[in-house]
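**Q** I have a structure here, written as structure tokens, and I will follow up with some questions on it.
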Amino acid sequence: MKTILVPGGAGYIGSHTVLDLIKKGFNPIIVDDFSNSSKKVITILEELSGEKINFYEMDIKNKEGLRKIFRENKIDAVINFAGFKAVGESVEKPLMYYENNLFGMITLLEVMKEFNVKNIVFSSSATVYGVSEKVPFVETDPMGEVTNPYGRTKVIIEHILMDLAKSDNTWNIIALRYFNPLGAHESGRIGEDPNGIPNNLSPYITQVAVGKLDYVRVFGDDYETKDGTGVRDYIHVLDLALGHIKAIKKFEDSKAVRIYNLGTGEGYSVLDMIKNFEEVTGKKIKYVVTPRRSGDIAECYADSTKAKEELGWEAKYGIREMCEDSWRWQLNNPNGYED
Ligand code: UD1
């Protein structure tokens with residue numbers, strides 16, 4: 001396992017994974033259409049790694065283009081990060097989400113099959129557990145009632161992968177269910193760069209701290225949690241990146257389809273997060289409590305025992321480092337990758 005194709009490798013989790021792959025001696029090849037990422041990431045990755053980054057500017061729905069990449073390179077495995085990820089946008093534009101996320105994945109799998117490359121890691125999400133109240137979430141829990149098209153694309157792709165493995169036992173498939181990603185590379189040069197006003201809590205808080213937004217809206221303080229606000233399992237993006245390296249190494253074992261949660265197992269409330277960011281930034285972060293956001297659940301955190309036992313993976317970073325690293329990125333790049 002040496003040459004790894006990384007669709008979506010210029011994105012938030014993808015770029016951190018590419019850097020870690022290089023560090024561990026792999027040869028990553030990025031495929032990205034930069035529709036939701038910046039070309040600048042390539043130059044920054046080259047500066048951070050000291051290596052030339054191989055990349056193709058292309059949409060993975062371009063089957064002929066993908067075939068060309070497989071012809072030009074001897075690819076051993078694929079880590080697919082390519083996909084749209086904004087929940088609200090998926091509700092407004094469901095067809096765009098289904099078309100992009102599902103057709104992208106299917107096209108990729110078809111071409112992999114043609115070239116007999118049958119090792120794939122897929123970016124799934126804790127969202128597949130749906131509106132369940134039973135925490136922590138374990139991989140054996142049923143996939144739940146998902147409230148939006150984005151989440152449904154994750155559920156459907158997991159089903160597609162399981163059907164594929166059933167039809168042909170030479171596939172080696174790992175779906176990683178990420179909990180809530182946070183943090184950035186310690187250089188502060190790559191990080192999360194949401195389009196427009198962020199949907200997720202952490203970039204929202206850091207944009208308030210940096211003065212771009214006025215206050216955080218806390219979506220509900222009447223949940224059955226320690227302080228009434230929603231509790232989530234925040235995980236450092238560098239820990240997530242490492243999870244992918246461990247998954248690639250697992251491909252050297254027997255062929256199978258495997259699913260792993262990647263979380264810390266610790267839950268933090270919205271108010272905990274505001275407090276942590278206040279301490280890290282040294283700024284008062286204004287907030288206003290608003291009604292609950294539809295589709296949200298009270299608590300979501302992982303049981304990651306399976307990843308620990310089978311992949312030898314465990315989250316290393318704590319909440320303080322996550323907040324510090326997110327803040328360094330935000331402070332150095334108030335407008336993300338824009339000048
Ligand atoms: C959301 C998505 C999930 C996706 C994940 C990716 C929903 C319902 N779920 O998870 O499908 O995989 O992002 O990272 O959108 N909050 C506020 N104010 C804000 C933003 C969030 O109070 O401005 C609260 C939320 O109510 C929640 C917590 O902060 O309790 C985390 O929210 P968020 O960062 O949006 O992540 P999730 O909703 O957990």
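We label chains A, B, ... in the order they appear in the structure tokens, count residues from 1 in each chain, and number ligands from 1 in the order shown.
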Taking a cut-off of 9 Å and counting only C-alpha atoms and all ligand atoms, can you build a table that, for each residue of chain A near ligand 1, reports the nearest atom pair and how far apart they are in Å (one decimal), sorted by chain then residue number, as a Markdown table?
**A**
| residue | atom | partner | partner_atom_place_in_ligand_line | distance |
| --- | --- | --- | --- | --- |
| A:Lys85 | CA | ligand 1 | 6 (C) | 7.1 |
| A:Ala86 | CA | ligand 1 | 4 (C) | 7.6 |
| A:Val87 | CA | ligand 1 | 15 (O) | 5.2 |
| A:Gly88 | CA | ligand 1 | 15 (O) | 7.1 |
| A:Ser124 | CA | ligand 1 | 12 (O) | 8.3 |
| A:Ser125 | CA | ligand 1 | 12 (O) | 5.3 |
| A:Ala126 | CA | ligand 1 | 12 (O) | 6.2 |
| A:Thr127 | CA | ligand 1 | 11 (O) | 4.6 |
| A:Val128 | CA | ligand 1 | 11 (O) | 8.0 |
| A:Gly130 | CA | ligand 1 | 11 (O) | 8.6 |
| A:Val146 | CA | ligand 1 | 11 (O) | 8.4 |
| A:Thr147 | CA | ligand 1 | 8 (C) | 7.2 |
| A:Asn148 | CA | ligand 1 | 8 (C) | 7.7 |
| A:Tyr150 | CA | ligand 1 | 11 (O) | 7.0 |
| A:Gly151 | CA | ligand 1 | 11 (O) | 5.5 |
| A:Tyr178 | CA | ligand 1 | 12 (O) | 7.6 |
| A:Phe179 | CA | ligand 1 | 12 (O) | 7.2 |
| A:Asn180 | CA | ligand 1 | 14 (O) | 4.9 |
| A:Pro181 | CA | ligand 1 | 14 (O) | 6.0 |
| A:Leu182 | CA | ligand 1 | 14 (O) | 8.5 |
| A:Pro198 | CA | ligand 1 | 23 (O) | 7.5 |
| A:Asn199 | CA | ligand 1 | 35 (O) | 5.5 |
| A:Asn200 | CA | ligand 1 | 34 (O) | 3.3 |
| A:Leu201 | CA | ligand 1 | 20 (C) | 3.8 |
| A:Ser202 | CA | ligand 1 | 34 (O) | 6.2 |
| A:Pro203 | CA | ligand 1 | 34 (O) | 8.2 |
| A:Tyr204 | CA | ligand 1 | 23 (O) | 5.9 |
| A:Ile205 | CA | ligand 1 | 23 (O) | 7.7 |
| A:Val216 | CA | ligand 1 | 23 (O) | 5.8 |
| A:Arg217 | CA | ligand 1 | 18 (N) | 4.9 |
| A:Val218 | CA | ligand 1 | 22 (O) | 3.4 |
| A:Phe219 | CA | ligand 1 | 22 (O) | 3.9 |
| A:Gly220 | CA | ligand 1 | 22 (O) | 6.8 |
| A:Asp221 | CA | ligand 1 | 22 (O) | 8.8 |
| A:Thr229 | CA | ligand 1 | 30 (O) | 6.4 |
| A:Gly230 | CA | ligand 1 | 30 (O) | 3.5 |
| A:Val231 | CA | ligand 1 | 30 (O) | 5.6 |
| A:Arg232 | CA | ligand 1 | 39 (O) | 6.0 |
| A:Asp233 | CA | ligand 1 | 39 (O) | 8.1 |
| A:Tyr234 | CA | ligand 1 | 31 (C) | 8.8 |
| A:Tyr268 | CA | ligand 1 | 28 (C) | 9.0 |
| A:Ser269 | CA | ligand 1 | 30 (O) | 7.0 |
| A:Val270 | CA | ligand 1 | 29 (O) | 5.3 |
| A:Leu271 | CA | ligand 1 | 22 (O) | 8.5 |
| A:Met273 | CA | ligand 1 | 29 (O) | 8.7 |
| A:Val289 | CA | ligand 1 | 22 (O) | 7.9 |
| A:Thr290 | CA | ligand 1 | 22 (O) | 8.2 |
| A:Arg292 | CA | ligand 1 | 26 (O) | 6.8 |
| A:Arg293 | CA | ligand 1 | 26 (O) | 6.0 |
| A:Ser294 | CA | ligand 1 | 8 (C) | 7.3 |
| A:Gly295 | CA | ligand 1 | 8 (C) | 5.0 |
| A:Asp296 | CA | ligand 1 | 8 (C) | 4.7 |
| A:Ile297 | CA | ligand 1 | 30 (O) | 7.0 |
| A:Ala298 | CA | ligand 1 | 30 (O) | 6.7 |
| A:Glu299 | CA | ligand 1 | 30 (O) | 7.5 |
| A:Cys300 | CA | ligand 1 | 39 (O) | 7.2 |
**Q** Apply DSSP to the backbone of this structure and, from segment 132-327 of chain A, keep only the residues in alpha helix (DSSP H); write these as a PyMOL selection string.
**A** chain A and resi 149-167+201-209+237-250+270-281+305-306+319-327
**Q** Print the selection's residues with C-alpha atoms to a file, as a CSV table (one decimal), in the first residue's frame.
**A**
chain,number,residue,atom,x,y,z
A,149,PRO,CA,-30.3,14.8,2.4
A,150,TYR,CA,-26.6,15.2,3.3
A,151,GLY,CA,-27.0,12.6,6.1
A,152,ARG,CA,-29.0,10.4,3.8
A,153,THR,CA,-26.2,10.3,1.2
A,154,LYS,CA,-23.9,8.9,3.9
A,155,VAL,CA,-26.4,6.2,4.8
A,156,ILE,CA,-27.0,5.3,1.2
A,157,ILE,CA,-23.3,5.1,0.4
A,158,GLU,CA,-22.7,2.8,3.5
A,159,HIS,CA,-25.5,0.6,2.1
A,160,ILE,CA,-23.9,0.7,-1.4
A,161,LEU,CA,-20.5,-0.4,0.1
A,162,MET,CA,-22.0,-3.2,2.1
A,163,ASP,CA,-23.9,-4.5,-1.0
A,164,LEU,CA,-20.7,-4.3,-3.0
A,165,ALA,CA,-18.8,-6.3,-0.5
A,166,LYS,CA,-21.6,-8.9,-0.4
A,167,SER,CA,-21.5,-9.2,-4.2
A,201,LEU,CA,-20.5,25.6,16.0
A,202,SER,CA,-16.8,25.9,16.1
A,203,PRO,CA,-16.1,28.1,13.1
A,204,TYR,CA,-19.1,30.1,14.1
A,205,ILE,CA,-17.6,30.8,17.6
A,206,THR,CA,-14.1,31.6,16.1
A,207,GLN,CA,-15.7,34.0,13.6
A,208,VAL,CA,-17.4,35.8,16.6
A,209,ALA,CA,-14.1,35.9,18.4
A,237,VAL,CA,-8.8,16.8,12.7
A,238,LEU,CA,-5.3,15.5,13.2
A,239,ASP,CA,-6.7,12.5,15.1
A,240,LEU,CA,-9.1,12.0,12.2
A,241,ALA,CA,-6.3,12.1,9.7
A,242,LEU,CA,-4.4,9.5,11.7
A,243,GLY,CA,-7.5,7.3,11.6
A,244,HIS,CA,-7.2,7.1,7.8
A,245,ILE,CA,-3.6,6.0,8.0
A,246,LYS,CA,-4.5,3.2,10.4
A,247,ALA,CA,-7.4,2.2,8.1
A,248,ILE,CA,-5.0,2.0,5.1
A,249,LYS,CA,-2.7,-0.2,7.2
A,250,LYS,CA,-5.6,-2.4,8.1
A,270,VAL,CA,-22.3,24.3,23.5
A,271,LEU,CA,-21.6,26.4,26.7
A,272,ASP,CA,-18.5,24.3,27.4
A,273,MET,CA,-17.3,25.1,23.9
A,274,ILE,CA,-17.9,28.9,24.3
A,275,LYS,CA,-16.1,28.8,27.7
A,276,ASN,CA,-13.1,26.9,26.2
A,277,PHE,CA,-12.9,29.3,23.3
A,278,GLU,CA,-13.1,32.3,25.7
A,279,GLU,CA,-10.1,31.0,27.6
A,280,VAL,CA,-8.1,30.3,24.5
A,281,THR,CA,-8.9,33.5,22.7
A,305,THR,CA,-13.5,0.9,21.4
A,306,LYS,CA,-13.6,-0.9,18.1
A,319,ILE,CA,-10.5,19.9,23.8
A,320,ARG,CA,-8.1,22.7,24.7
A,321,GLU,CA,-5.7,21.8,21.9
A,322,MET,CA,-8.6,21.6,19.5
A,323,CYS,CA,-9.7,25.1,20.4
A,324,GLU,CA,-6.2,26.5,20.3
A,325,ASP,CA,-5.5,25.1,16.9
A,326,SER,CA,-8.9,26.3,15.5
A,327,TRP,CA,-8.2,29.7,16.9
**Q** Segment 235-336 of chain A: which residues are strand (DSSP E or B) by DSSP, as JSON, numbers by chain?
**A** {"A": [235, 236, 257, 258, 259, 260, 261, 262, 268, 269, 287, 288, 289, 290, 299, 300, 302]}
**Q** With N, CA and C atoms kept, could you save the residues just selected as a PDB file, in the first residue's frame?
**A**
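Output file selection_29.pdb is given in full below:
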ATOM      1  N   ILE A 235     -13.683  16.187  17.882  1.00  0.00           N
ATOM      2  CA  ILE A 235     -12.467  15.400  17.646  1.00  0.00           C
ATOM      3  C   ILE A 235     -11.488  16.194  16.782  1.00  0.00           C
ATOM      4  N   HIS A 236     -10.226  16.163  17.174  1.00  0.00           N
ATOM      5  CA  HIS A 236      -9.211  16.939  16.441  1.00  0.00           C
ATOM      6  C   HIS A 236      -9.029  16.370  15.036  1.00  0.00           C
ATOM      7  N   VAL A 257     -15.521  -5.765   4.940  1.00  0.00           N
ATOM      8  CA  VAL A 257     -16.091  -4.427   5.051  1.00  0.00           C
ATOM      9  C   VAL A 257     -16.164  -4.107   6.537  1.00  0.00           C
ATOM     10  N   ARG A 258     -15.615  -2.969   6.892  1.00  0.00           N
ATOM     11  CA  ARG A 258     -15.522  -2.617   8.305  1.00  0.00           C
ATOM     12  C   ARG A 258     -15.994  -1.186   8.521  1.00  0.00           C
ATOM     13  N   ILE A 259     -16.591  -0.980   9.692  1.00  0.00           N
ATOM     14  CA  ILE A 259     -17.083   0.369  10.036  1.00  0.00           C
ATOM     15  C   ILE A 259     -16.505   0.751  11.395  1.00  0.00           C
ATOM     16  N   TYR A 260     -15.993   1.970  11.494  1.00  0.00           N
ATOM     17  CA  TYR A 260     -15.441   2.417  12.774  1.00  0.00           C
ATOM     18  C   TYR A 260     -15.921   3.821  13.120  1.00  0.00           C
ATOM     19  N   ASN A 261     -16.253   4.015  14.396  1.00  0.00           N
ATOM     20  CA  ASN A 261     -16.478   5.364  14.917  1.00  0.00           C
ATOM     21  C   ASN A 261     -15.131   6.009  15.173  1.00  0.00           C
ATOM     22  N   LEU A 262     -15.003   7.278  14.819  1.00  0.00           N
ATOM     23  CA  LEU A 262     -13.819   8.041  15.224  1.00  0.00           C
ATOM     24  C   LEU A 262     -14.283   9.226  16.077  1.00  0.00           C
ATOM     25  N   TYR A 268     -18.996  17.451  25.035  1.00  0.00           N
ATOM     26  CA  TYR A 268     -18.923  18.845  25.510  1.00  0.00           C
ATOM     27  C   TYR A 268     -20.161  19.591  25.044  1.00  0.00           C
ATOM     28  N   SER A 269     -20.692  20.429  25.937  1.00  0.00           N
ATOM     29  CA  SER A 269     -21.905  21.181  25.588  1.00  0.00           C
ATOM     30  C   SER A 269     -21.532  22.444  24.813  1.00  0.00           C
ATOM     31  N   TYR A 287     -23.221  35.487  23.403  1.00  0.00           N
ATOM     32  CA  TYR A 287     -24.151  34.507  22.852  1.00  0.00           C
ATOM     33  C   TYR A 287     -25.579  34.830  23.267  1.00  0.00           C
ATOM     34  N   VAL A 288     -26.519  34.321  22.475  1.00  0.00           N
ATOM     35  CA  VAL A 288     -27.937  34.506  22.734  1.00  0.00           C
ATOM     36  C   VAL A 288     -28.582  33.138  22.583  1.00  0.00           C
ATOM     37  N   VAL A 289     -29.420  32.781  23.539  1.00  0.00           N
ATOM     38  CA  VAL A 289     -30.101  31.487  23.429  1.00  0.00           C
ATOM     39  C   VAL A 289     -31.317  31.648  22.516  1.00  0.00           C
ATOM     40  N   THR A 290     -31.411  30.780  21.526  1.00  0.00           N
ATOM     41  CA  THR A 290     -32.543  30.812  20.588  1.00  0.00           C
ATOM     42  C   THR A 290     -33.271  29.461  20.681  1.00  0.00           C
ATOM     43  N   GLU A 299     -27.728  14.765  22.708  1.00  0.00           N
ATOM     44  CA  GLU A 299     -26.359  14.319  22.948  1.00  0.00           C
ATOM     45  C   GLU A 299     -25.882  13.389  21.854  1.00  0.00           C
ATOM     46  N   CYS A 300     -24.625  13.492  21.503  1.00  0.00           N
ATOM     47  CA  CYS A 300     -24.044  12.602  20.503  1.00  0.00           C
ATOM     48  C   CYS A 300     -22.582  12.410  20.841  1.00  0.00           C
ATOM     49  N   ALA A 302     -19.248   9.181  20.931  1.00  0.00           N
ATOM     50  CA  ALA A 302     -18.873   7.884  20.356  1.00  0.00           C
ATOM     51  C   ALA A 302     -18.419   6.885  21.404  1.00  0.00           C
TER      52      ALA A 302
END
**Q** One decimal, Å: what's the distance from atom CA of Asn73 of chain A over to atom CA of Phe26 of chain A, could you say?
**A**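 Spanning atom CA of Asn73 of chain A to atom CA of Phe26 of chain A is a straight-line distance of 13.7 Å.
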**Q** Which of these, A:Lys2, A:Lys134, A:Lys113, A:Arg189, has the shortest distance to Glu47 of chain A once you count only C-alpha atoms?
**A** A:Arg189
**Q** Find the residue from A:Glu89, A:Glu57, A:Glu51, A:Glu99 that sits nearest to Gly9 of chain A; use only C-alpha atoms when measuring.
**A**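 When distances to Gly9 of chain A are compared using only C-alpha atoms, the smallest one comes from A:Glu57.
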**Q** Restricting the calculation to only C-alpha atoms, which member of A:Val91, A:Glu186, A:Asn195, A:Lys255 is positioned closest to Trp171 of chain A?
**A**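 Under the stated criterion, the closest residue is A:Lys255.
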**Q** Could you please determine the separation between atom CA of Pro334 of chain A and atom CA of Glu46 of chain A in Å, to one decimal place?
**A**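 Taking atom CA of Pro334 of chain A and atom CA of Glu46 of chain A, their separation equals 21.9 Å.
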**Q** For each of A:Gln330, A:Ser90, A:Asn80, A:Ser38, take the minimum atom-to-atom distance to Gly211 of chain A, counting only C-alpha atoms, then give the residue where this is smallest.
**A** A:Gln330
**Q** Report as a compact mmCIF listing (two decimals) with N, CA and C atoms, in the first residue's frame all protein, DNA and RNA residues lying within 12 Å of Val18 of chain A, evaluated on only C-alpha atoms, omitting residues in the same chain fewer than 5 positions from it.
**A**
# COMPACT_ATOMS: atom_id res chain seq x y z
N THR A 3 0.67 4.02 -3.00
CA THR A 3 0.09 5.16 -3.71
C THR A 3 -1.41 5.23 -3.42
N ILE A 4 -1.81 6.35 -2.85
CA ILE A 4 -3.18 6.47 -2.38
C ILE A 4 -3.88 7.61 -3.13
N LEU A 5 -4.95 7.30 -3.82
CA LEU A 5 -5.73 8.34 -4.50
C LEU A 5 -6.63 9.01 -3.47
N VAL A 6 -6.62 10.35 -3.45
CA VAL A 6 -7.39 11.07 -2.43
C VAL A 6 -8.34 12.09 -3.07
N PRO A 7 -9.50 11.64 -3.54
CA PRO A 7 -10.51 12.60 -4.01
C PRO A 7 -10.93 13.50 -2.84
N GLY A 8 -11.05 14.79 -3.11
CA GLY A 8 -11.41 15.72 -2.03
C GLY A 8 -10.23 16.02 -1.11
N GLY A 9 -9.01 15.77 -1.60
CA GLY A 9 -7.82 15.93 -0.76
C GLY A 9 -7.43 17.37 -0.47
N ALA A 10 -8.12 18.34 -1.12
CA ALA A 10 -7.80 19.74 -0.81
C ALA A 10 -8.75 20.31 0.25
N GLY A 11 -9.70 19.50 0.68
CA GLY A 11 -10.68 19.96 1.67
C GLY A 11 -10.13 19.92 3.09
N TYR A 12 -11.01 20.16 4.04
CA TYR A 12 -10.59 20.29 5.45
C TYR A 12 -9.95 19.00 5.97
N ILE A 13 -10.68 17.92 5.99
CA ILE A 13 -10.12 16.69 6.55
C ILE A 13 -9.13 16.08 5.54
N LYS A 23 3.91 12.31 5.49
CA LYS A 23 4.80 12.13 6.65
C LYS A 23 5.09 10.65 6.92
N LYS A 24 4.08 9.81 6.65
CA LYS A 24 4.24 8.38 6.96
C LYS A 24 4.79 7.60 5.76
N GLY A 25 5.24 8.31 4.72
CA GLY A 25 5.91 7.62 3.61
C GLY A 25 5.00 7.15 2.48
N PHE A 26 3.73 7.55 2.49
CA PHE A 26 2.84 7.19 1.38
C PHE A 26 2.99 8.22 0.25
N ASN A 27 2.42 7.86 -0.89
CA ASN A 27 2.45 8.76 -2.04
C ASN A 27 1.00 9.14 -2.39
N PRO A 28 0.48 10.22 -1.79
CA PRO A 28 -0.92 10.58 -2.09
C PRO A 28 -1.08 11.32 -3.42
N ILE A 29 -2.17 11.05 -4.10
CA ILE A 29 -2.49 11.79 -5.33
C ILE A 29 -3.87 12.42 -5.11
N ILE A 30 -3.92 13.75 -5.13
CA ILE A 30 -5.19 14.45 -4.88
C ILE A 30 -5.98 14.57 -6.18
N VAL A 31 -7.29 14.32 -6.09
CA VAL A 31 -8.20 14.69 -7.18
C VAL A 31 -9.21 15.63 -6.55
N VAL A 41 -4.35 25.49 -1.29
CA VAL A 41 -4.04 24.39 -0.37
C VAL A 41 -2.88 23.56 -0.92
N ILE A 42 -2.83 23.40 -2.23
CA ILE A 42 -1.78 22.57 -2.85
C ILE A 42 -0.41 23.17 -2.56
N ILE A 44 0.36 25.28 -0.19
CA ILE A 44 0.65 25.25 1.25
C ILE A 44 1.08 23.83 1.65
N LEU A 45 0.42 22.82 1.10
CA LEU A 45 0.81 21.44 1.43
C LEU A 45 2.24 21.17 0.97
N GLU A 46 2.60 21.74 -0.18
CA GLU A 46 3.98 21.54 -0.67
C GLU A 46 4.97 22.22 0.28
N LEU A 48 4.50 22.87 3.49
CA LEU A 48 4.53 22.20 4.79
C LEU A 48 5.24 20.85 4.73
N SER A 49 5.10 20.16 3.60
CA SER A 49 5.66 18.81 3.52
C SER A 49 7.05 18.80 2.88
N GLU A 51 7.46 18.47 -0.17
CA GLU A 51 7.35 17.52 -1.30
C GLU A 51 6.48 18.14 -2.39
N LYS A 52 6.67 17.64 -3.61
CA LYS A 52 5.79 18.05 -4.70
C LYS A 52 4.48 17.29 -4.54
N ILE A 53 3.36 18.00 -4.61
CA ILE A 53 2.06 17.33 -4.47
C ILE A 53 1.54 16.95 -5.86
N ASN A 54 1.19 15.68 -6.03
CA ASN A 54 0.57 15.26 -7.28
C ASN A 54 -0.91 15.55 -7.19
N PHE A 55 -1.43 16.33 -8.14
CA PHE A 55 -2.87 16.55 -8.09
C PHE A 55 -3.49 16.69 -9.47
N VAL A 78 -7.81 3.93 -2.21
CA VAL A 78 -8.47 5.22 -2.37
C VAL A 78 -9.05 5.65 -1.02
N ILE A 79 -8.87 6.93 -0.69
CA ILE A 79 -9.59 7.50 0.47
C ILE A 79 -10.50 8.58 -0.12
N ASN A 80 -11.79 8.38 -0.06
CA ASN A 80 -12.69 9.33 -0.74
C ASN A 80 -13.29 10.36 0.21
N PHE A 81 -12.81 11.60 0.10
CA PHE A 81 -13.37 12.72 0.87
C PHE A 81 -14.30 13.58 0.02
N HIS A 185 -4.14 22.08 11.56
CA HIS A 185 -2.71 21.77 11.64
C HIS A 185 -2.02 22.81 12.51
N ILE A 190 -3.38 25.46 7.35
CA ILE A 190 -4.55 24.81 6.75
C ILE A 190 -5.60 24.61 7.85
N VAL A 237 -8.95 17.27 14.06
CA VAL A 237 -8.80 16.84 12.66
C VAL A 237 -7.51 16.03 12.47
N LEU A 238 -6.50 16.28 13.29
CA LEU A 238 -5.25 15.50 13.17
C LEU A 238 -5.46 14.07 13.65
N LEU A 240 -8.37 12.57 13.34
CA LEU A 240 -9.12 11.97 12.22
C LEU A 240 -8.16 11.54 11.11
N ALA A 241 -7.22 12.44 10.79
CA ALA A 241 -6.25 12.13 9.72
C ALA A 241 -5.55 10.81 10.04
N LEU A 242 -5.11 10.67 11.27
CA LEU A 242 -4.40 9.45 11.66
C LEU A 242 -5.29 8.21 11.53
N HIS A 244 -7.27 7.57 9.22
CA HIS A 244 -7.22 7.10 7.82
C HIS A 244 -5.94 6.32 7.53
N ILE A 245 -4.85 6.74 8.16
CA ILE A 245 -3.58 6.02 7.95
C ILE A 245 -3.72 4.61 8.55
